[in-house]
file entry_11.cif (mmCIF, N, CA and C atoms)
data_structure
loop_
_atom_site.label_atom_id
_atom_site.label_comp_id
_atom_site.auth_asym_id
_atom_site.auth_seq_id
_atom_site.Cartn_x
_atom_site.Cartn_y
_atom_site.Cartn_z
N MET Q 1 19.64 -91.32 -20.69
CA MET Q 1 19.43 -92.62 -20.09
C MET Q 1 18.15 -92.56 -19.28
N LEU Q 2 17.36 -93.59 -19.45
CA LEU Q 2 16.09 -93.69 -18.73
C LEU Q 2 16.36 -94.12 -17.30
N ARG Q 3 15.68 -93.52 -16.34
CA ARG Q 3 15.92 -93.79 -14.93
C ARG Q 3 14.78 -94.52 -14.23
N ARG Q 4 13.80 -94.98 -14.98
CA ARG Q 4 12.65 -95.66 -14.38
C ARG Q 4 12.07 -96.63 -15.40
N ASN Q 5 11.56 -97.75 -14.92
CA ASN Q 5 10.87 -98.69 -15.80
C ASN Q 5 9.54 -98.08 -16.24
N ILE Q 6 9.34 -97.95 -17.54
CA ILE Q 6 8.09 -97.40 -18.07
C ILE Q 6 7.27 -98.50 -18.72
N ASP Q 7 7.88 -99.27 -19.62
CA ASP Q 7 7.21 -100.40 -20.27
C ASP Q 7 8.25 -101.49 -20.50
N VAL Q 8 8.25 -102.47 -19.62
CA VAL Q 8 9.26 -103.52 -19.66
C VAL Q 8 9.13 -104.38 -20.91
N THR Q 9 7.91 -104.62 -21.39
CA THR Q 9 7.70 -105.47 -22.56
C THR Q 9 8.32 -104.89 -23.82
N VAL Q 10 8.36 -103.57 -23.92
CA VAL Q 10 8.93 -102.90 -25.10
C VAL Q 10 10.44 -102.67 -24.93
N GLY Q 11 10.89 -102.62 -23.69
CA GLY Q 11 12.30 -102.38 -23.43
C GLY Q 11 12.59 -101.01 -22.85
N LEU Q 12 11.53 -100.29 -22.44
CA LEU Q 12 11.73 -98.99 -21.80
C LEU Q 12 11.95 -99.24 -20.31
N VAL Q 13 13.19 -99.59 -19.98
CA VAL Q 13 13.55 -99.97 -18.62
C VAL Q 13 14.66 -99.05 -18.10
N ASN Q 14 14.87 -99.10 -16.80
CA ASN Q 14 15.92 -98.33 -16.17
C ASN Q 14 17.26 -98.67 -16.82
N GLY Q 15 17.97 -97.65 -17.31
CA GLY Q 15 19.26 -97.85 -17.96
C GLY Q 15 19.22 -97.86 -19.47
N ALA Q 16 18.02 -97.79 -20.07
CA ALA Q 16 17.91 -97.76 -21.53
C ALA Q 16 18.53 -96.46 -22.06
N ILE Q 17 19.30 -96.58 -23.13
CA ILE Q 17 20.04 -95.45 -23.67
C ILE Q 17 19.42 -95.02 -24.99
N GLY Q 18 19.31 -93.70 -25.20
CA GLY Q 18 18.74 -93.19 -26.43
C GLY Q 18 19.22 -91.79 -26.76
N THR Q 19 18.70 -91.26 -27.86
CA THR Q 19 19.05 -89.93 -28.34
C THR Q 19 17.80 -89.06 -28.36
N VAL Q 20 17.90 -87.85 -27.82
CA VAL Q 20 16.77 -86.92 -27.80
C VAL Q 20 16.51 -86.43 -29.22
N MET Q 21 15.28 -86.60 -29.69
CA MET Q 21 14.89 -86.17 -31.03
C MET Q 21 14.11 -84.86 -31.01
N GLY Q 22 13.44 -84.57 -29.89
CA GLY Q 22 12.66 -83.34 -29.79
C GLY Q 22 12.19 -83.11 -28.37
N ILE Q 23 12.03 -81.83 -28.01
CA ILE Q 23 11.54 -81.45 -26.69
C ILE Q 23 10.27 -80.66 -26.88
N TYR Q 24 9.21 -81.09 -26.22
CA TYR Q 24 7.89 -80.47 -26.35
C TYR Q 24 7.36 -80.11 -24.97
N ALA Q 25 6.25 -79.38 -24.93
CA ALA Q 25 5.67 -78.95 -23.66
C ALA Q 25 5.23 -80.13 -22.80
N LYS Q 26 4.68 -81.16 -23.41
CA LYS Q 26 4.15 -82.30 -22.66
C LYS Q 26 5.12 -83.46 -22.52
N GLY Q 27 6.20 -83.48 -23.28
CA GLY Q 27 7.11 -84.62 -23.20
C GLY Q 27 8.36 -84.43 -24.03
N ILE Q 28 9.21 -85.45 -23.99
CA ILE Q 28 10.45 -85.47 -24.74
C ILE Q 28 10.43 -86.69 -25.65
N SER Q 29 10.73 -86.49 -26.93
CA SER Q 29 10.77 -87.58 -27.90
C SER Q 29 12.19 -88.14 -27.94
N ILE Q 30 12.32 -89.45 -27.69
CA ILE Q 30 13.63 -90.09 -27.62
C ILE Q 30 13.66 -91.30 -28.53
N LYS Q 31 14.73 -91.44 -29.30
CA LYS Q 31 14.98 -92.62 -30.14
C LYS Q 31 15.91 -93.52 -29.35
N PHE Q 32 15.35 -94.59 -28.78
CA PHE Q 32 16.16 -95.54 -28.02
C PHE Q 32 16.89 -96.46 -28.99
N ASP Q 33 18.05 -96.94 -28.56
CA ASP Q 33 18.92 -97.73 -29.43
C ASP Q 33 18.27 -99.03 -29.92
N HIS Q 34 17.42 -99.65 -29.14
CA HIS Q 34 16.84 -100.95 -29.47
C HIS Q 34 15.39 -100.89 -29.95
N ILE Q 35 14.84 -99.68 -30.13
CA ILE Q 35 13.45 -99.51 -30.57
C ILE Q 35 13.47 -98.73 -31.88
N VAL Q 36 12.67 -99.16 -32.85
CA VAL Q 36 12.71 -98.57 -34.20
C VAL Q 36 12.17 -97.15 -34.23
N VAL Q 37 11.02 -96.89 -33.60
CA VAL Q 37 10.39 -95.57 -33.65
C VAL Q 37 10.69 -94.79 -32.37
N PRO Q 38 10.76 -93.45 -32.46
CA PRO Q 38 10.97 -92.64 -31.26
C PRO Q 38 9.80 -92.79 -30.28
N CYS Q 39 10.10 -92.70 -28.99
CA CYS Q 39 9.10 -92.81 -27.93
C CYS Q 39 8.96 -91.46 -27.24
N ASP Q 40 7.73 -91.11 -26.88
CA ASP Q 40 7.48 -89.89 -26.12
C ASP Q 40 7.49 -90.22 -24.64
N ILE Q 41 8.38 -89.56 -23.90
CA ILE Q 41 8.51 -89.76 -22.47
C ILE Q 41 7.85 -88.57 -21.78
N GLU Q 42 6.89 -88.84 -20.89
CA GLU Q 42 6.18 -87.79 -20.17
C GLU Q 42 6.72 -87.66 -18.75
N ARG Q 43 6.34 -86.57 -18.08
CA ARG Q 43 6.76 -86.36 -16.70
C ARG Q 43 6.13 -87.41 -15.79
N VAL Q 44 6.85 -87.75 -14.72
CA VAL Q 44 6.37 -88.72 -13.73
C VAL Q 44 6.21 -87.99 -12.40
N ALA Q 45 5.06 -88.20 -11.75
CA ALA Q 45 4.79 -87.55 -10.46
C ALA Q 45 5.40 -88.35 -9.32
N SER Q 46 5.99 -87.64 -8.36
CA SER Q 46 6.55 -88.25 -7.16
C SER Q 46 6.09 -87.46 -5.95
N ARG Q 47 5.99 -88.16 -4.81
CA ARG Q 47 5.58 -87.51 -3.57
C ARG Q 47 6.51 -87.98 -2.45
N PHE Q 48 7.03 -87.02 -1.69
CA PHE Q 48 7.96 -87.31 -0.61
C PHE Q 48 7.44 -86.70 0.69
N LEU Q 49 7.57 -87.43 1.77
CA LEU Q 49 7.19 -86.94 3.10
C LEU Q 49 8.36 -86.17 3.68
N LEU Q 50 8.18 -84.86 3.94
CA LEU Q 50 9.24 -84.04 4.51
C LEU Q 50 9.18 -84.04 6.03
N SER Q 51 7.99 -83.89 6.56
CA SER Q 51 7.79 -83.95 8.01
C SER Q 51 6.40 -84.54 8.25
N LYS Q 52 5.90 -84.44 9.46
CA LYS Q 52 4.66 -85.15 9.83
C LYS Q 52 3.51 -84.93 8.86
N ASN Q 53 3.18 -83.71 8.53
CA ASN Q 53 2.06 -83.41 7.64
C ASN Q 53 2.48 -82.58 6.42
N LEU Q 54 3.74 -82.65 6.06
CA LEU Q 54 4.26 -81.84 4.97
C LEU Q 54 4.83 -82.75 3.88
N TYR Q 55 4.23 -82.68 2.69
CA TYR Q 55 4.66 -83.49 1.56
C TYR Q 55 5.23 -82.60 0.47
N LEU Q 56 6.17 -83.13 -0.26
CA LEU Q 56 6.72 -82.47 -1.43
C LEU Q 56 6.22 -83.23 -2.65
N HIS Q 57 5.57 -82.52 -3.57
CA HIS Q 57 5.08 -83.11 -4.81
C HIS Q 57 5.89 -82.51 -5.95
N ARG Q 58 6.34 -83.38 -6.86
CA ARG Q 58 7.07 -82.87 -8.02
C ARG Q 58 6.80 -83.77 -9.22
N LYS Q 59 6.92 -83.18 -10.40
CA LYS Q 59 6.79 -83.91 -11.66
C LYS Q 59 8.07 -83.65 -12.44
N GLN Q 60 8.71 -84.73 -12.89
CA GLN Q 60 9.95 -84.58 -13.64
C GLN Q 60 10.07 -85.69 -14.67
N PHE Q 61 10.90 -85.46 -15.66
CA PHE Q 61 11.16 -86.48 -16.67
C PHE Q 61 12.11 -87.52 -16.07
N PRO Q 62 11.84 -88.80 -16.24
CA PRO Q 62 12.70 -89.84 -15.67
C PRO Q 62 13.94 -90.08 -16.55
N LEU Q 63 14.69 -89.02 -16.78
CA LEU Q 63 15.85 -89.09 -17.67
C LEU Q 63 17.06 -88.49 -16.98
N ILE Q 64 18.23 -88.94 -17.40
CA ILE Q 64 19.48 -88.37 -16.91
C ILE Q 64 20.43 -88.27 -18.10
N LEU Q 65 21.20 -87.20 -18.13
CA LEU Q 65 22.17 -86.99 -19.20
C LEU Q 65 23.32 -87.98 -19.05
N SER Q 66 23.71 -88.60 -20.15
CA SER Q 66 24.82 -89.57 -20.08
C SER Q 66 25.73 -89.37 -21.29
N TYR Q 67 26.76 -88.56 -21.12
CA TYR Q 67 27.73 -88.34 -22.19
C TYR Q 67 28.57 -89.59 -22.42
N ALA Q 68 29.13 -90.12 -21.36
CA ALA Q 68 29.98 -91.30 -21.45
C ALA Q 68 29.58 -92.26 -20.34
N ILE Q 69 29.33 -93.51 -20.71
CA ILE Q 69 28.91 -94.50 -19.73
C ILE Q 69 29.67 -95.79 -19.97
N THR Q 70 29.66 -96.65 -18.97
CA THR Q 70 30.22 -97.99 -19.15
C THR Q 70 29.06 -98.96 -19.33
N LEU Q 71 29.31 -100.05 -19.98
CA LEU Q 71 28.27 -101.04 -20.21
C LEU Q 71 28.24 -102.09 -19.13
N HIS Q 72 29.17 -102.04 -18.20
CA HIS Q 72 29.23 -103.04 -17.13
C HIS Q 72 28.31 -102.63 -15.99
N LYS Q 73 27.41 -103.52 -15.62
CA LYS Q 73 26.54 -103.28 -14.47
C LYS Q 73 26.75 -104.40 -13.47
N CYS Q 74 26.83 -104.06 -12.22
CA CYS Q 74 27.02 -105.09 -11.18
C CYS Q 74 25.69 -105.69 -10.78
#
call {"tool": "encode", "arguments": {"input": "entry_11.cif", "output": "structure tokens"}}
result
Amino acid sequence: MLRRNIDVTVGLVNGAIGTVMGIYAKGISIKFDHIVVPCDIERVASRFLLSKNLYLHRKQFPLILSYAITLHKC
């Protein structure tokens, strides 16, 4: 499941569900349920302030594993 809006016009939005087709050094190829061709998802950079002059920088894939989910969203 996608955890961040990447391209709203195509449908790559938070909560989009898909199947992993391949894992590569630069990204993960995912076949989303509503898109015909697989999409390559790259790492997203984030920065967090830990204290006054100390920041945490990380890059991660905006994905979460979802074995079983409900379709109801509040």
call {"tool": "resolve_selection", "arguments": {"input": "entry_11.cif", "expression": "the PyMOL selection byres (((chain Q and resi 17 and name CA) around 9) and name CA)", "output": "list in words"}}
result
Met1, Leu2, Gly15, Ala16, Gly18, Thr19, Lys31, Phe32, Asp33, His34 and Ser66 of chain Q
call {"tool": "atom_distance", "arguments": {"input": "entry_11.cif", "atom1": "atom CA of Ser29 of chain Q", "atom2": "atom CA of Leu12 of chain Q"}}
result
13.0 Å
call {"tool": "closest_residue", "arguments": {"input": "entry_11.cif", "among": "Q:Leu63, Q:Ile69, Q:Ile23, Q:Ser51", "to": "Arg3 of chain Q", "atoms": "only C-alpha atoms"}}
result
Q:Leu63
call {"tool": "closest_residue", "arguments": {"input": "entry_11.cif", "among": "Q:Val20, Q:Val13, Q:Ala45, Q:Cys39", "to": "Leu65 of chain Q", "atoms": "only C-alpha atoms"}}
result
Q:Val20
call {"tool": "atom_distance", "arguments": {"input": "entry_11.cif", "atom1": "atom CA of Lys59 of chain Q", "atom2": "atom N of Glu42 of chain Q"}}
result
10.5 Å
call {"tool": "atom_distance", "arguments": {"input": "entry_11.cif", "atom1": "atom C of Leu56 of chain Q", "atom2": "atom C of Asn14 of chain Q"}}
result
23.7 Å
call {"tool": "closest_residue", "arguments": {"input": "entry_11.cif", "among": "Q:Asn53, Q:Phe61, Q:Ala68, Q:Asn5", "to": "Ile30 of chain Q", "atoms": "only C-alpha atoms"}}
result
Q:Phe61
call {"tool": "closest_residue", "arguments": {"input": "entry_11.cif", "among": "Q:Leu71, Q:Arg47, Q:Leu54, Q:Val10", "to": "Ile35 of chain Q", "atoms": "only N, CA and C atoms"}}
result
Q:Val10
call {"tool": "closest_residue", "arguments": {"input": "entry_11.cif", "among": "Q:Tyr55, Q:Thr70, Q:Val8, Q:Lys26", "to": "Ile41 of chain Q", "atoms": "all atoms listed in the file"}}
result
Q:Lys26
call {"tool": "select_by_dssp", "arguments": {"input": "entry_11.cif", "residues": "segment 5-71 of chain Q", "states": "strand (DSSP E or B)", "output": "PyMOL selection string"}}
result
chain Q and resi 7+12+18-23+27-32+39-42+44-51+54-60+63
call {"tool": "closest_residue", "arguments": {"input": "entry_11.cif", "among": "Q:Ile28, Q:Ile64, Q:Met21, Q:Ile6", "to": "Asp40 of chain Q", "atoms": "all atoms listed in the file"}}
result
Q:Ile28
call {"tool": "decode", "arguments": {"input": "entry_11.cif", "residues": "segment 26-73 of chain Q", "atoms": "N, CA and C atoms", "output": "mmCIF file, in the first residue's frame"}}
result
data_model
loop_
_atom_site.group_PDB
_atom_site.id
_atom_site.type_symbol
_atom_site.label_atom_id
_atom_site.label_comp_id
_atom_site.auth_asym_id
_atom_site.auth_seq_id
_atom_site.Cartn_x
_atom_site.Cartn_y
_atom_site.Cartn_z
ATOM 1 N N LYS Q 26 17.539 0.957 -7.168
ATOM 2 C CA LYS Q 26 17.024 2.331 -7.169
ATOM 3 C C LYS Q 26 15.537 2.437 -6.871
ATOM 4 N N GLY Q 27 14.797 1.344 -6.919
ATOM 5 C CA GLY Q 27 13.362 1.441 -6.701
ATOM 6 C C GLY Q 27 12.679 0.093 -6.653
ATOM 7 N N ILE Q 28 11.364 0.144 -6.474
ATOM 8 C CA ILE Q 28 10.534 -1.045 -6.429
ATOM 9 C C ILE Q 28 9.474 -0.916 -7.511
ATOM 10 N N SER Q 29 9.320 -1.951 -8.329
ATOM 11 C CA SER Q 29 8.324 -1.960 -9.393
ATOM 12 C C SER Q 29 7.032 -2.554 -8.837
ATOM 13 N N ILE Q 30 5.934 -1.791 -8.940
ATOM 14 C CA ILE Q 30 4.658 -2.211 -8.378
ATOM 15 C C ILE Q 30 3.571 -2.118 -9.435
ATOM 16 N N LYS Q 31 2.743 -3.151 -9.529
ATOM 17 C CA LYS Q 31 1.568 -3.158 -10.404
ATOM 18 C C LYS Q 31 0.374 -2.790 -9.540
ATOM 19 N N PHE Q 32 -0.085 -1.540 -9.671
ATOM 20 C CA PHE Q 32 -1.241 -1.085 -8.912
ATOM 21 C C PHE Q 32 -2.511 -1.601 -9.564
ATOM 22 N N ASP Q 33 -3.538 -1.806 -8.751
ATOM 23 C CA ASP Q 33 -4.779 -2.427 -9.215
ATOM 24 C C ASP Q 33 -5.475 -1.626 -10.309
ATOM 25 N N HIS Q 34 -5.380 -0.319 -10.308
ATOM 26 C CA HIS Q 34 -6.117 0.535 -11.242
ATOM 27 C C HIS Q 34 -5.260 1.104 -12.374
ATOM 28 N N ILE Q 35 -3.985 0.697 -12.461
ATOM 29 C CA ILE Q 35 -3.078 1.191 -13.498
ATOM 30 C C ILE Q 35 -2.603 -0.005 -14.321
ATOM 31 N N VAL Q 36 -2.573 0.142 -15.642
ATOM 32 C CA VAL Q 36 -2.271 -0.980 -16.537
ATOM 33 C C VAL Q 36 -0.816 -1.426 -16.443
ATOM 34 N N VAL Q 37 0.133 -0.493 -16.469
ATOM 35 C CA VAL Q 37 1.555 -0.841 -16.470
ATOM 36 C C VAL Q 37 2.143 -0.696 -15.064
ATOM 37 N N PRO Q 38 3.157 -1.504 -14.718
ATOM 38 C CA PRO Q 38 3.805 -1.356 -13.414
ATOM 39 C C PRO Q 38 4.488 0.008 -13.278
ATOM 40 N N CYS Q 39 4.518 0.528 -12.064
ATOM 41 C CA CYS Q 39 5.136 1.823 -11.771
ATOM 42 C C CYS Q 39 6.369 1.597 -10.910
ATOM 43 N N ASP Q 40 7.420 2.370 -11.162
ATOM 44 C CA ASP Q 40 8.622 2.313 -10.338
ATOM 45 C C ASP Q 40 8.512 3.351 -9.234
ATOM 46 N N ILE Q 41 8.588 2.891 -7.991
ATOM 47 C CA ILE Q 41 8.510 3.760 -6.828
ATOM 48 C C ILE Q 41 9.920 3.930 -6.284
ATOM 49 N N GLU Q 42 10.366 5.178 -6.150
ATOM 50 C CA GLU Q 42 11.707 5.476 -5.642
ATOM 51 C C GLU Q 42 11.638 5.911 -4.184
ATOM 52 N N ARG Q 43 12.804 5.951 -3.541
ATOM 53 C CA ARG Q 43 12.875 6.397 -2.150
ATOM 54 C C ARG Q 43 12.508 7.877 -2.048
ATOM 55 N N VAL Q 44 11.926 8.244 -0.907
ATOM 56 C CA VAL Q 44 11.541 9.627 -0.640
ATOM 57 C C VAL Q 44 12.362 10.118 0.548
ATOM 58 N N ALA Q 45 12.947 11.310 0.420
ATOM 59 C CA ALA Q 45 13.766 11.882 1.489
ATOM 60 C C ALA Q 45 12.883 12.609 2.500
ATOM 61 N N SER Q 46 13.208 12.429 3.782
ATOM 62 C CA SER Q 46 12.512 13.113 4.871
ATOM 63 C C SER Q 46 13.548 13.691 5.822
ATOM 64 N N ARG Q 47 13.167 14.786 6.488
ATOM 65 C CA ARG Q 47 14.065 15.423 7.452
ATOM 66 C C ARG Q 47 13.260 15.752 8.704
ATOM 67 N N PHE Q 48 13.798 15.371 9.865
ATOM 68 C CA PHE Q 48 13.129 15.591 11.140
ATOM 69 C C PHE Q 48 14.061 16.340 12.079
ATOM 70 N N LEU Q 49 13.521 17.287 12.814
ATOM 71 C CA LEU Q 49 14.284 18.035 13.813
ATOM 72 C C LEU Q 49 14.257 17.249 15.116
ATOM 73 N N LEU Q 50 15.441 16.815 15.594
ATOM 74 C CA LEU Q 50 15.523 16.068 16.841
ATOM 75 C C LEU Q 50 15.728 16.988 18.032
ATOM 76 N N SER Q 51 16.609 17.949 17.883
ATOM 77 C CA SER Q 51 16.832 18.959 18.919
ATOM 78 C C SER Q 51 17.214 20.255 18.220
ATOM 79 N N LYS Q 52 17.721 21.223 18.953
ATOM 80 C CA LYS Q 52 17.931 22.568 18.406
ATOM 81 C C LYS Q 52 18.689 22.587 17.081
ATOM 82 N N ASN Q 53 19.820 21.947 16.991
ATOM 83 C CA ASN Q 53 20.631 21.945 15.766
ATOM 84 C C ASN Q 53 20.904 20.536 15.245
ATOM 85 N N LEU Q 54 20.061 19.593 15.599
ATOM 86 C CA LEU Q 54 20.284 18.205 15.214
ATOM 87 C C LEU Q 54 19.102 17.701 14.386
ATOM 88 N N TYR Q 55 19.392 17.333 13.143
ATOM 89 C CA TYR Q 55 18.367 16.838 12.232
ATOM 90 C C TYR Q 55 18.623 15.378 11.903
ATOM 91 N N LEU Q 56 17.567 14.660 11.661
ATOM 92 C CA LEU Q 56 17.637 13.285 11.191
ATOM 93 C C LEU Q 56 17.197 13.283 9.735
ATOM 94 N N HIS Q 57 18.054 12.769 8.856
ATOM 95 C CA HIS Q 57 17.743 12.651 7.432
ATOM 96 C C HIS Q 57 17.609 11.169 7.113
ATOM 97 N N ARG Q 58 16.550 10.822 6.371
ATOM 98 C CA ARG Q 58 16.404 9.431 5.961
ATOM 99 C C ARG Q 58 15.714 9.366 4.606
ATOM 100 N N LYS Q 59 15.998 8.289 3.885
ATOM 101 C CA LYS Q 59 15.350 8.015 2.602
ATOM 102 C C LYS Q 59 14.713 6.641 2.722
ATOM 103 N N GLN Q 60 13.426 6.565 2.389
ATOM 104 C CA GLN Q 60 12.733 5.288 2.477
ATOM 105 C C GLN Q 60 11.661 5.209 1.404
ATOM 106 N N PHE Q 61 11.246 3.998 1.103
ATOM 107 C CA PHE Q 61 10.172 3.795 0.145
ATOM 108 C C PHE Q 61 8.844 4.109 0.830
ATOM 109 N N PRO Q 62 7.965 4.862 0.186
ATOM 110 C CA PRO Q 62 6.685 5.219 0.809
ATOM 111 C C PRO Q 62 5.663 4.085 0.684
ATOM 112 N N LEU Q 63 6.037 2.922 1.186
ATOM 113 C CA LEU Q 63 5.198 1.727 1.066
ATOM 114 C C LEU Q 63 5.031 1.072 2.425
ATOM 115 N N ILE Q 64 3.932 0.355 2.572
ATOM 116 C CA ILE Q 64 3.698 -0.425 3.781
ATOM 117 C C ILE Q 64 3.088 -1.761 3.353
ATOM 118 N N LEU Q 65 3.479 -2.818 4.034
ATOM 119 C CA LEU Q 65 2.960 -4.144 3.737
ATOM 120 C C LEU Q 65 1.505 -4.233 4.188
ATOM 121 N N SER Q 66 0.659 -4.783 3.336
ATOM 122 C CA SER Q 66 -0.762 -4.906 3.703
ATOM 123 C C SER Q 66 -1.276 -6.273 3.261
ATOM 124 N N TYR Q 67 -1.219 -7.232 4.165
ATOM 125 C CA TYR Q 67 -1.735 -8.575 3.880
ATOM 126 C C TYR Q 67 -3.253 -8.555 3.779
ATOM 127 N N ALA Q 68 -3.895 -7.994 4.777
ATOM 128 C CA ALA Q 68 -5.360 -7.937 4.815
ATOM 129 C C ALA Q 68 -5.769 -6.529 5.225
ATOM 130 N N ILE Q 69 -6.651 -5.931 4.446
ATOM 131 C CA ILE Q 69 -7.092 -4.571 4.731
ATOM 132 C C ILE Q 69 -8.600 -4.489 4.571
ATOM 133 N N THR Q 70 -9.164 -3.439 5.125
ATOM 134 C CA THR Q 70 -10.582 -3.172 4.895
ATOM 135 C C THR Q 70 -10.690 -2.055 3.874
ATOM 136 N N LEU Q 71 -11.777 -2.006 3.175
ATOM 137 C CA LEU Q 71 -11.973 -0.976 2.164
ATOM 138 C C LEU Q 71 -12.682 0.241 2.719
ATOM 139 N N HIS Q 72 -13.092 0.189 3.972
ATOM 140 C CA HIS Q 72 -13.811 1.306 4.583
ATOM 141 C C HIS Q 72 -12.819 2.322 5.131
ATOM 142 N N LYS Q 73 -12.947 3.562 4.704
ATOM 143 C CA LYS Q 73 -12.121 4.643 5.236
ATOM 144 C C LYS Q 73 -13.036 5.690 5.831
#
